[in-house]
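Novice: Starting off with a structure, shown below.
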Amino acid sequence: GPQGSRTALWRVLDRLSRNIIINQSINMASSSSSLLRRLTGSLASLATRKQACGTSSSCLFAQAARFNSTTLCLRNAALLTKSSPSPCLTQSSSKLVRPLLVPRVDANRLVQRSFASQRRLRLEYVECVVIKRVLVGLDYVGTALFAFTGTMKAATVAQMDVLGCCLVGFTTAVGGGTVRDLITGTTPVFWLKQPQYIALAVASALATFFLYPKLRKEAITGLNLAEHEQELMNWADAIALGAFACVGAIHATQLRMHWLCVPVCGMVTATFGGIIRDLLCQQKPWIFHTDSGLYATTALGAATSFVITTHIVKLPAATGLIAGIGTCVALRYISWKYDVGLPTMADRTRSAST
């Protein structure tokens with residue numbers, strides 16, 4: 001009769017609707033699963049290279065954790081869609097039109113969020129790699145430059161032999177980082193884990209001892225630097241000093257030290273090699289006197305600028321690095337250009353007497 005025909009027709013329509021929903025859900029689940037495999041594969045490949053991020057890797061893996069949670073939501077959505085295509089399969093076919101669009105919209109949003117997280121993760125990874133390479137390059141330049149200054153002082157002031165000059169040059173180059181690692185409990189110290197610093201410092205000291213006098217034989221000023229050469233040396237020393245201060249600040253940040261301790265750690269890294277050099281040469285520590293102008297102060301200012309930029313203002317580490325080195329270079333330029341230094345007790349006594 002008509003009632004039986006209508007019932008049979010509704011059953012056929014309901015069965016066709018179920019098949020349509022199941023096929024669409026299975027296709028969507030399979031595509032979501034394949035997307036999940038690609039995204040988690042990219043995350044795993046980035047995570048295996050975490051050592052390349054060096055000192056700035058904490059921000060990257062914080063984003064990686066959030067990205068992993070996003071992919072987990074996508075996986076759960078895919079499994080839920082595959083196991084339960086629609087909550088209203090047993091209802092009449094007239095109500096089957098609306099649920100067909102809901103899973104598709106949610107899945108698309110999850111896919112877009114996952115791709116956005118992946119792009120952000122890649123950008124932060126590239127930023128970390130660039131920061132590491134720039135810091136390593138500046139660290140190498142500073143190591144060679146500090147070894148040069150230590151060797152020159154040992155040879156000209158203390159009249160040491162080649163072994164003494166090499167030891168003093170090496171100590172000047174790595175002394176600040178060694179003191180930093182010892183007071184922070186990071187053992188073995190960095191140059192025992194990265195022997196390229198030993199080779200670089202010793203090579204710079206030997207080149208200074210044997211080649212520098214030959215290169216300066218025809219110079220009018222002898223072993224002393226000319227005015228333009230001293231200007232160039234000041235600029236290079238200021239950049240290396242700022243880089244060392246930022247390296248020390250990043251090291252303290254990685255150890256989760258209090259933000260007040262971070263500038264001190266940066267200053268120790270940048271200046272204590274010179275203190276050890278002067279003590280080995282039986283000289284007064286140069287950076288503690290007005291003869292040096294603003295030297296340890298500039299290192300402290302560089303580390304403080306890095307802390308303010310990254311800890312307080314919450315800007316990226318690249319911005320903090322630029323701010324730290326820029327502050328150090330600016331303060332050093334003011335010091336040697338205008339002969340600016342910190343006041344002493346004798347200056348205050350003379351000003352009070354007059």
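Each chain in the structure tokens gets a letter, A, B and so on, in the order shown; residues start at 1 in every chain, and ligands are counted from 1 in the order they appear.
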Please identify all polymer residues within 12 Å of Leu315 of chain A, counting only C-alpha atoms, omitting same-chain residues fewer than 6 positions from it, and present them as a list in words.
Specialist: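 Counting only C-alpha atoms, the residues come to Cys59, Ser305, Phe306, Val307, Ile308, Thr309, Leu321, Ile322 and Ala323 of chain A.
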Novice: Tell me, as a list in words, which residues lie within 7 Å of Thr151 of chain A, counting only C-alpha atoms; anything in the same chain fewer than 6 positions away does not count.
Specialist: Cys165, Cys166, Val168, Gly169, Ala205 and Thr208 of chain A
Novice: Find the spatial neighbours of segment 279-292 of chain A, counting only C-alpha atoms, within a cut-off of 7 Å - ignore same-chain residues fewer than 4 positions away - and output them as a ChimeraX atom specification.
Specialist: /A:154,158,275,296,341-342
Novice: So that I have them on file, write out the residues from the current selection with all heavy atoms, as an mmCIF file, in the first residue's frame.
Specialist:
data_model
loop_
_atom_site.group_PDB
_atom_site.id
_atom_site.type_symbol
_atom_site.label_atom_id
_atom_site.label_comp_id
_atom_site.auth_asym_id
_atom_site.auth_seq_id
_atom_site.Cartn_x
_atom_site.Cartn_y
_atom_site.Cartn_z
ATOM 1 N N ALA A 154 101.692 40.150 27.021
ATOM 2 C CA ALA A 154 102.665 39.229 27.608
ATOM 3 C C ALA A 154 104.043 39.402 26.978
ATOM 4 O O ALA A 154 105.073 39.278 27.665
ATOM 5 C CB ALA A 154 102.183 37.796 27.457
ATOM 6 N N ALA A 158 105.394 42.039 29.892
ATOM 7 C CA ALA A 158 105.964 41.050 30.808
ATOM 8 C C ALA A 158 107.184 40.344 30.243
ATOM 9 O O ALA A 158 107.844 39.588 30.977
ATOM 10 C CB ALA A 158 104.903 40.011 31.180
ATOM 11 N N ILE A 275 91.129 40.507 33.170
ATOM 12 C CA ILE A 275 91.612 40.589 34.559
ATOM 13 C C ILE A 275 92.674 39.520 34.812
ATOM 14 O O ILE A 275 93.742 39.796 35.404
ATOM 15 C CB ILE A 275 90.432 40.439 35.532
ATOM 16 C CG1 ILE A 275 89.461 41.610 35.375
ATOM 17 C CG2 ILE A 275 90.932 40.352 36.965
ATOM 18 C CD1 ILE A 275 88.200 41.469 36.205
ATOM 19 N N ALA A 296 84.373 47.767 31.466
ATOM 20 C CA ALA A 296 83.470 46.826 32.141
ATOM 21 C C ALA A 296 82.057 47.388 32.206
ATOM 22 O O ALA A 296 81.071 46.630 32.159
ATOM 23 C CB ALA A 296 83.992 46.525 33.540
ATOM 24 N N GLY A 341 85.147 58.486 31.518
ATOM 25 C CA GLY A 341 85.375 57.391 32.459
ATOM 26 C C GLY A 341 84.542 57.588 33.710
ATOM 27 O O GLY A 341 83.918 58.636 33.922
ATOM 28 N N LEU A 342 84.548 56.573 34.545
ATOM 29 C CA LEU A 342 83.823 56.673 35.807
ATOM 30 C C LEU A 342 84.599 57.516 36.810
ATOM 31 O O LEU A 342 85.837 57.520 36.803
ATOM 32 C CB LEU A 342 83.575 55.274 36.380
ATOM 33 C CG LEU A 342 82.689 54.351 35.545
ATOM 34 C CD1 LEU A 342 82.588 52.978 36.213
ATOM 35 C CD2 LEU A 342 81.300 54.940 35.347
#
Novice: Using only C-alpha atoms, determine which residues lie at most 6 Å from segment 139-146 of chain A, disregarding the query and same-chain residues fewer than 4 positions distant; provide the list as a VMD selection string.
Specialist: chain A and resid 135 172 to 173 201 204 240
Novice: For Trp336 of chain A, which residue out of A:Thr178, A:Thr298, A:Thr253, A:Gln194 is the nearest one, using only C-alpha atoms?
Specialist: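 Going through A:Thr178, A:Thr298, A:Thr253, A:Gln194 one by one, the smallest distance to Trp336 of chain A is for A:Thr298.
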Novice: For Gly176 of chain A, list every protein, DNA or RNA residue within 12 Å, evaluated using only C-alpha atoms, and leave out those in the same chain fewer than 6 positions away; present the list as a VMD selection string.
Specialist: chain A and resid 142 to 143 146 170 182 to 183 189 to 191 241 244 to 245 247 to 248 264 to 277 299
Novice: Just how far from atom CA of Tyr333 of chain A is atom CA of Arg216 of chain A, in Å to one decimal?
Specialist: 26.2 Å
Novice: Which residue gives the smallest distance to Thr186 of chain A among A:Ile325, A:Met345, A:Leu255, A:Val340, with only C-alpha atoms counted?
Specialist: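 Closest to Thr186 of chain A of all the choices is A:Leu255.
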Novice: Between atom CA of Gln230 of chain A and atom CA of Met152 of chain A, what is the spacing in Å?
Specialist: 13.8 Å
Novice: Please compute the atom CA of Cys246 of chain A-atom CA of Ala303 of chain A distance, one decimal, in Å.
Specialist: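 Between these atoms lies a distance of 5.6 Å.
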Novice: Closest to Ala155 of chain A among A:Leu206, A:Val174, A:Pro195, A:Lys314, using only C-alpha atoms?
Specialist: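 Result for the nearest residue to Ala155 of chain A: A:Leu206.
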Novice: Taking only C-alpha atoms into account, name the residue in A:Leu138, A:Ile250, A:Val202, A:Leu260 that is nearest to Asp237 of chain A.
Specialist: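 For Asp237 of chain A, the nearest of the given residues is A:Leu138.
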Novice: Would you give me, as a PyMOL selection string, the residues in segment 187-233 of chain A that DSSP reads as alpha helix (DSSP H)?
Specialist: chain A and resi 190-193+196-210+212-215+227-233
